[in-house]
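**Q** Sharing a structure with you now.
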Amino acid sequence: MSAQNIGSREPGAEAGDLPDGRMSQRRLGAVSERSRVLRVAVAQTNLVVGDLSGNVAKMKSSLEAARRLGADVVAFPELAVTGYPPEDLVLRPRFVSDNLRALRDLASAVHGCVALVGYVDRSERGLHNAVAVCADGEVKTTVYKRHLPNYAVFDEARYFVPGDGPPRVFAVAGVPCAVTVCEDAWVREGPVAAAARAGAACVFNLNASPYHRGKVDEREQMLAERVEESGAAIVYANLVGGQDELVFDGASMVYDRTGAVVGRAPQFREDLLVVDLDVGPSTGAVPVEFSFDVPAREKPSVGARFADRLHPLEEVYEALVLGTRDYVEKNGFGAVVVGVSGGIDSSLVATLAVDAMGPDRVHTVAMPSRYSSAHSLEDAAALARSLAVDHRVIPIEPAHRAFEEMLPKAFADARDSTAAENVQSRIRGVILMTLSNAYGWLVLTTGNKSEMAVGYATLYGDMAGGFAVIKDVPKTLVYELARWRNEKAGRYLIPRRVFEKPPSAELRPGQLDTDSLPPYEKLDPVLECYVERDMSVADLVEAGFDPDLVRRVARMVDRNEYKRRQAPPGPRVTTKAFGKDRRLPITNHYVG
């Protein structure tokens, strides 16, 4: 049975107004009363994919808190029951049935207000990304998402069929309302405008909108456009939390009918945003599916709620912290371990880990070889003292010598020193994974996006681990984030010398990154254009980049796709990350 039909009456049935704020079914009724201020609540919630009972329990808690604050309508994020994105879980019939049972459980707890709950529904047409409109202990109607994103990190057309038909308008406290889902709001003259034409004075938009740099600005511009074209108030409810590569930043917002932001929730943390929303005077009778009359009660003052926007660097930093914390905790790891070299990348990852987990749950390991400089060991130890974490030193020289004795001919016949150099990195990978196995620590890898792009990383070496914290952070941004974190601390949390020395893997005497790569200040702009903006070699040359540099970088990016396929997941903070975002064939002869 579809949740849309749970507890519903026959179409067209009418009933009189019921006491105690219960729902009256007026399929073809009309709202003609003067409109009023609607108290809306956005439950900006951190949910877990597949944890149906846990998600429902968390939503019940938010529902009760919103009810105590006198909310007329409570909006939860998109697909809140299942968590987002549920991916191929929705292809399991048992999972969909269990999610419908979980929805009924939640709906039974909805009294004295209306709750808008995202879940997966099924109909004769297929599966739907759906929102249940709940009141009086049951599901009163269901709205289906109409526009299914199938780009970037989204695959919704793989799982769902779109909704159709006229907008469904219902009334709460005399205010005609409608519901849209995420992508529906990004369409000009789309479902939001259609709902307003059908008479909705307030349109709720339920979201699971993942973060990338600049995303909040894009949302604010989009929502302002929807208000302008529709004339309706908009309540934008967004998910918060980390889910594998994705980070959801929250930043839920409420816009009144003039386009003014009258409430904003914080970024990267859970919140219950409650706002008194003036939807303006009634414009006349509006046909509605049903009407909910809010019981008369004294409502506590909620005041204005405007969370400050974060500094652009703090925004990225907090995304990395939240993505790391949720990956670790939602997957049941008690602690993490980071191999620290005294360089900028591992220093930033260790600092992020401490901010995410606390110092008691972070362990650092220095693994010096014969080529490691004294200052690298000193800087790694200084970082550990600064962060107040457990730190140990495990030299790799005995294992390195053993490999040289085992494989002397392989090293002697190698075309260059790469084979011998990579053995050192792989020894370190074995050490970290052994500590992980022994103590249950999750290994955090330390490679940045610039290195991942051009393959400046060792398979089964520095790429070995469970979560790649800065996998989507270009090297130049690594330095910016590290400097910002020191400024916030008001001291050299990351030691000064880490910023001053040139980047080096220290796998041979005098080695520098620039021996193998262009300087990062030249490399990163090319990578941004080639990877994130999908510009071709010809496009980049026409844009004024050095032709030899562009061709060199493009070759390195293309031939290292096989490495990136074997890298652990990491939080997405740019407009196009390696992994779910960018899917190119490994076997590929196209050069453009």
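The way I read the labels, and the way they are meant: chains A, B, ... in the order of the structure tokens, residue 1 as the first residue of every chain, and ligand 1 as the first ligand shown, with later ones counted on from there.
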Identify, on the basis of only C-alpha atoms, every residue whose closest approach to Val557 in chain A does not exceed 10 Å; exclude the query and any residue fewer than 6 positions from it along the same chain; express the result as a VMD selection string.
**A** chain A and resid 450 to 456 527 530 to 531 551 564
**Q** Keeping N, CA, C and O atoms, export the residues of the selection given above as a PDB file, in the first residue's frame.
**A**
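The resulting file, result38.pdb, is shown below:
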ATOM      1  N   SER A 450      45.465  18.479  -5.861  1.00  0.00           N
ATOM      2  CA  SER A 450      46.485  18.688  -6.899  1.00  0.00           C
ATOM      3  C   SER A 450      47.260  17.403  -7.136  1.00  0.00           C
ATOM      4  O   SER A 450      47.508  17.006  -8.285  1.00  0.00           O
ATOM      5  N   GLU A 451      47.657  16.740  -6.058  1.00  0.00           N
ATOM      6  CA  GLU A 451      48.392  15.485  -6.175  1.00  0.00           C
ATOM      7  C   GLU A 451      47.521  14.379  -6.765  1.00  0.00           C
ATOM      8  O   GLU A 451      47.963  13.606  -7.623  1.00  0.00           O
ATOM      9  N   MET A 452      46.267  14.286  -6.307  1.00  0.00           N
ATOM     10  CA  MET A 452      45.364  13.259  -6.829  1.00  0.00           C
ATOM     11  C   MET A 452      45.123  13.458  -8.324  1.00  0.00           C
ATOM     12  O   MET A 452      45.017  12.504  -9.092  1.00  0.00           O
ATOM     13  N   ALA A 453      45.060  14.711  -8.741  1.00  0.00           N
ATOM     14  CA  ALA A 453      44.776  15.005 -10.148  1.00  0.00           C
ATOM     15  C   ALA A 453      45.879  14.497 -11.064  1.00  0.00           C
ATOM     16  O   ALA A 453      45.609  13.904 -12.116  1.00  0.00           O
ATOM     17  N   VAL A 454      47.118  14.737 -10.686  1.00  0.00           N
ATOM     18  CA  VAL A 454      48.232  14.413 -11.589  1.00  0.00           C
ATOM     19  C   VAL A 454      48.913  13.097 -11.232  1.00  0.00           C
ATOM     20  O   VAL A 454      49.923  12.731 -11.842  1.00  0.00           O
ATOM     21  N   GLY A 455      48.386  12.391 -10.252  1.00  0.00           N
ATOM     22  CA  GLY A 455      48.948  11.082  -9.894  1.00  0.00           C
ATOM     23  C   GLY A 455      50.207  11.148  -9.056  1.00  0.00           C
ATOM     24  O   GLY A 455      50.962  10.169  -9.006  1.00  0.00           O
ATOM     25  N   TYR A 456      50.442  12.276  -8.394  1.00  0.00           N
ATOM     26  CA  TYR A 456      51.625  12.413  -7.547  1.00  0.00           C
ATOM     27  C   TYR A 456      51.312  11.788  -6.185  1.00  0.00           C
ATOM     28  O   TYR A 456      51.215  12.454  -5.148  1.00  0.00           O
ATOM     29  N   LEU A 527      44.414  22.968 -13.394  1.00  0.00           N
ATOM     30  CA  LEU A 527      43.577  21.872 -12.919  1.00  0.00           C
ATOM     31  C   LEU A 527      42.134  22.320 -12.701  1.00  0.00           C
ATOM     32  O   LEU A 527      41.190  21.576 -13.017  1.00  0.00           O
ATOM     33  N   TYR A 530      40.598  22.450 -16.186  1.00  0.00           N
ATOM     34  CA  TYR A 530      40.542  21.170 -16.893  1.00  0.00           C
ATOM     35  C   TYR A 530      39.639  20.165 -16.171  1.00  0.00           C
ATOM     36  O   TYR A 530      38.875  19.435 -16.808  1.00  0.00           O
ATOM     37  N   VAL A 531      39.688  20.153 -14.847  1.00  0.00           N
ATOM     38  CA  VAL A 531      38.943  19.165 -14.073  1.00  0.00           C
ATOM     39  C   VAL A 531      37.561  19.678 -13.695  1.00  0.00           C
ATOM     40  O   VAL A 531      36.551  19.004 -13.912  1.00  0.00           O
ATOM     41  N   ARG A 551      49.378  20.888 -21.976  1.00  0.00           N
ATOM     42  CA  ARG A 551      49.466  19.525 -22.500  1.00  0.00           C
ATOM     43  C   ARG A 551      50.101  18.584 -21.482  1.00  0.00           C
ATOM     44  O   ARG A 551      49.670  17.433 -21.315  1.00  0.00           O
ATOM     45  N   ARG A 564      42.998   7.144  -9.214  1.00  0.00           N
ATOM     46  CA  ARG A 564      41.923   7.801  -8.472  1.00  0.00           C
ATOM     47  C   ARG A 564      40.767   6.851  -8.201  1.00  0.00           C
ATOM     48  O   ARG A 564      40.074   6.986  -7.191  1.00  0.00           O
TER      49      ARG A 564
END
**Q** Give me, as a PyMOL selection string, all polymer residues having an atom no more than 12 Å from Tyr236 in chain A, counting only C-alpha atoms and skipping those fewer than 5 positions away in the same chain.
**A** chain A and resi 40-44+74-78+179-186+192+202-209+216+219-220+222-224+226-227+250-256+261-265+273+275
**Q** Might you pull out every residue within 8 Å of Val423 in chain A, with only C-alpha atoms counted and same-chain residues fewer than 5 positions away left off, and present them as a list in words?
**A**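 In the requested form, the answer reads His400, Phe403 and Gly461 of chain A.
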**Q** With distances taken over only C-alpha atoms, which of A:Ala71, A:Val354, A:Asp105, A:Lys140 is nearest to Leu52 in chain A?
**A** A:Asp105
**Q** Between A:Cys134, A:Val240, A:Ala410, A:Ala489, single out the one closest to Asn46 in chain A, counting only C-alpha atoms.
**A**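 Using only C-alpha atoms, Asn46 in chain A sits closest to A:Val240.
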**Q** Would you mind listing what lies within 10 Å of Gln243 in chain A as a list in words, with only C-alpha atoms counted and same-chain residues fewer than 2 positions away left out?
**A** Asn46, Leu47, Val48, Val49, Gly83, Tyr84, Pro85, Pro86, Pro210, Val240, Gly241, Glu245, Leu246, Val247, Phe248, Leu322, Gly323, Thr324, Asp326, Tyr327, Lys330, Gly570 and Pro571 of chain A
**Q** Report, in Å with one decimal, the straight-line distance from CA of Met556 in chain A to CA of Ser346 in chain A.
**A**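 Value for the CA of Met556 in chain A-CA of Ser346 in chain A distance: 23.3 Å.
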**Q** Excluding same-chain residues fewer than 2 positions from range 159-174 of chain A, what lies within 8 Å of it counting only C-alpha atoms, as a PyMOL selection string?
**A** chain A and resi 31-36+38+72-73+87-88+90-91+114+125-129+143-148+155-157+176-179+191+194-195+198-200+287-294
**Q** Print the selection's residues with N, CA and C atoms to a file, as a compact mmCIF listing (two decimals), in the first residue's frame.
**A**
# COMPACT_ATOMS: atom_id res chain seq x y z
N VAL A 31 -10.53 28.39 1.21
CA VAL A 31 -10.06 29.20 2.32
C VAL A 31 -10.33 30.65 1.96
N SER A 32 -11.13 31.29 2.73
CA SER A 32 -11.45 32.68 2.42
C SER A 32 -11.13 33.60 3.59
N GLU A 33 -10.74 33.02 4.73
CA GLU A 33 -10.46 33.85 5.89
C GLU A 33 -9.22 34.73 5.64
N ARG A 34 -9.17 35.83 6.39
CA ARG A 34 -7.98 36.67 6.33
C ARG A 34 -6.77 35.84 6.76
N SER A 35 -5.70 35.93 6.01
CA SER A 35 -4.52 35.15 6.35
C SER A 35 -3.87 35.69 7.62
N ARG A 36 -2.97 34.95 8.19
CA ARG A 36 -2.37 35.30 9.45
C ARG A 36 -0.89 34.98 9.41
N LEU A 38 2.07 32.76 10.13
CA LEU A 38 2.25 31.33 10.26
C LEU A 38 3.57 31.08 10.98
N ASP A 72 3.27 25.87 13.78
CA ASP A 72 2.10 25.40 13.04
C ASP A 72 2.49 24.33 12.02
N VAL A 73 3.67 24.50 11.41
CA VAL A 73 4.16 23.56 10.40
C VAL A 73 5.63 23.28 10.71
N GLU A 87 20.68 5.80 -2.46
CA GLU A 87 21.29 5.07 -3.58
C GLU A 87 20.57 3.74 -3.81
N ASP A 88 21.31 2.66 -4.05
CA ASP A 88 20.68 1.40 -4.46
C ASP A 88 19.90 0.70 -3.35
N VAL A 90 17.21 1.75 -2.34
CA VAL A 90 15.81 1.88 -2.74
C VAL A 90 15.41 0.83 -3.76
N LEU A 91 16.38 0.12 -4.33
CA LEU A 91 16.06 -0.96 -5.26
C LEU A 91 15.67 -2.24 -4.51
N VAL A 114 1.28 20.48 11.66
CA VAL A 114 1.47 19.73 10.41
C VAL A 114 2.96 19.46 10.27
N ARG A 125 3.47 3.52 -11.01
CA ARG A 125 4.43 4.07 -11.97
C ARG A 125 5.87 3.78 -11.59
N GLY A 126 6.12 3.47 -10.31
CA GLY A 126 7.47 3.23 -9.85
C GLY A 126 7.71 3.86 -8.49
N LEU A 127 8.99 4.16 -8.20
CA LEU A 127 9.36 4.77 -6.93
C LEU A 127 9.38 6.28 -7.06
N HIS A 128 9.10 6.95 -5.95
CA HIS A 128 9.04 8.41 -5.94
C HIS A 128 9.85 8.98 -4.78
N ASN A 129 10.54 10.07 -5.04
CA ASN A 129 11.10 10.92 -4.00
C ASN A 129 9.92 11.76 -3.51
N VAL A 143 3.19 14.48 -1.75
CA VAL A 143 3.66 15.26 -2.89
C VAL A 143 4.90 14.59 -3.45
N TYR A 144 4.98 14.46 -4.76
CA TYR A 144 6.12 13.83 -5.41
C TYR A 144 7.03 14.88 -6.05
N LYS A 145 8.31 14.66 -5.93
CA LYS A 145 9.30 15.53 -6.58
C LYS A 145 9.12 15.44 -8.09
N ARG A 146 9.12 16.60 -8.74
CA ARG A 146 8.84 16.65 -10.16
C ARG A 146 10.10 16.66 -11.02
N HIS A 147 11.10 17.35 -10.58
CA HIS A 147 12.34 17.48 -11.36
C HIS A 147 13.44 16.69 -10.67
N LEU A 148 13.90 15.64 -11.33
CA LEU A 148 14.87 14.72 -10.74
C LEU A 148 16.27 15.03 -11.27
N ASP A 155 21.92 11.06 -9.05
CA ASP A 155 21.51 9.96 -9.93
C ASP A 155 20.02 9.66 -9.75
N GLU A 156 19.20 10.66 -9.51
CA GLU A 156 17.83 10.37 -9.10
C GLU A 156 16.99 9.73 -10.20
N ALA A 157 17.33 10.00 -11.47
CA ALA A 157 16.58 9.37 -12.56
C ALA A 157 16.83 7.86 -12.60
N PRO A 176 -2.94 29.18 2.75
CA PRO A 176 -2.74 28.15 1.72
C PRO A 176 -1.25 27.85 1.54
N CYS A 177 -0.90 26.59 1.63
CA CYS A 177 0.50 26.16 1.56
C CYS A 177 0.68 25.09 0.49
N ALA A 178 1.91 24.94 0.04
CA ALA A 178 2.26 23.88 -0.91
C ALA A 178 3.68 23.41 -0.59
N VAL A 179 4.02 22.23 -1.14
CA VAL A 179 5.33 21.64 -0.90
C VAL A 179 6.01 21.35 -2.23
N PRO A 191 7.65 24.38 -10.46
CA PRO A 191 6.68 24.00 -9.43
C PRO A 191 6.38 25.09 -8.40
N ALA A 194 4.02 27.43 -10.10
CA ALA A 194 2.74 26.74 -10.30
C ALA A 194 1.95 26.67 -9.01
N ALA A 195 2.64 26.41 -7.90
CA ALA A 195 1.96 26.36 -6.61
C ALA A 195 1.37 27.73 -6.25
N ALA A 198 -1.71 28.38 -8.12
CA ALA A 198 -2.82 27.60 -7.56
C ALA A 198 -3.33 28.18 -6.26
N GLY A 199 -2.67 29.24 -5.77
CA GLY A 199 -3.15 29.93 -4.58
C GLY A 199 -2.28 29.83 -3.36
N ALA A 200 -1.17 29.08 -3.41
CA ALA A 200 -0.32 28.94 -2.23
C ALA A 200 0.34 30.26 -1.88
N PRO A 287 -9.08 27.03 -3.56
CA PRO A 287 -9.42 25.61 -3.40
C PRO A 287 -8.26 24.86 -2.74
N VAL A 288 -8.57 24.07 -1.74
CA VAL A 288 -7.53 23.32 -1.04
C VAL A 288 -7.94 21.86 -0.90
N GLU A 289 -6.94 20.99 -0.73
CA GLU A 289 -7.22 19.57 -0.51
C GLU A 289 -7.75 19.32 0.89
N PHE A 290 -7.22 20.05 1.86
CA PHE A 290 -7.67 19.89 3.23
C PHE A 290 -7.25 21.13 4.00
N SER A 291 -7.80 21.26 5.19
CA SER A 291 -7.49 22.42 6.02
C SER A 291 -7.20 21.97 7.44
N PHE A 292 -6.16 22.57 8.02
CA PHE A 292 -5.81 22.27 9.40
C PHE A 292 -5.96 23.54 10.20
N ASP A 293 -6.85 23.52 11.18
CA ASP A 293 -7.09 24.69 12.01
C ASP A 293 -6.28 24.56 13.29
N VAL A 294 -5.29 25.43 13.44
CA VAL A 294 -4.40 25.36 14.59
C VAL A 294 -5.17 25.69 15.86
**Q** Restricting the calculation to only C-alpha atoms, which member of A:Leu106, A:Leu493, A:Ala468, A:Leu277 is positioned closest to Leu444 in chain A?
**A**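 Smallest separation from Leu444 in chain A among the options: A:Ala468.
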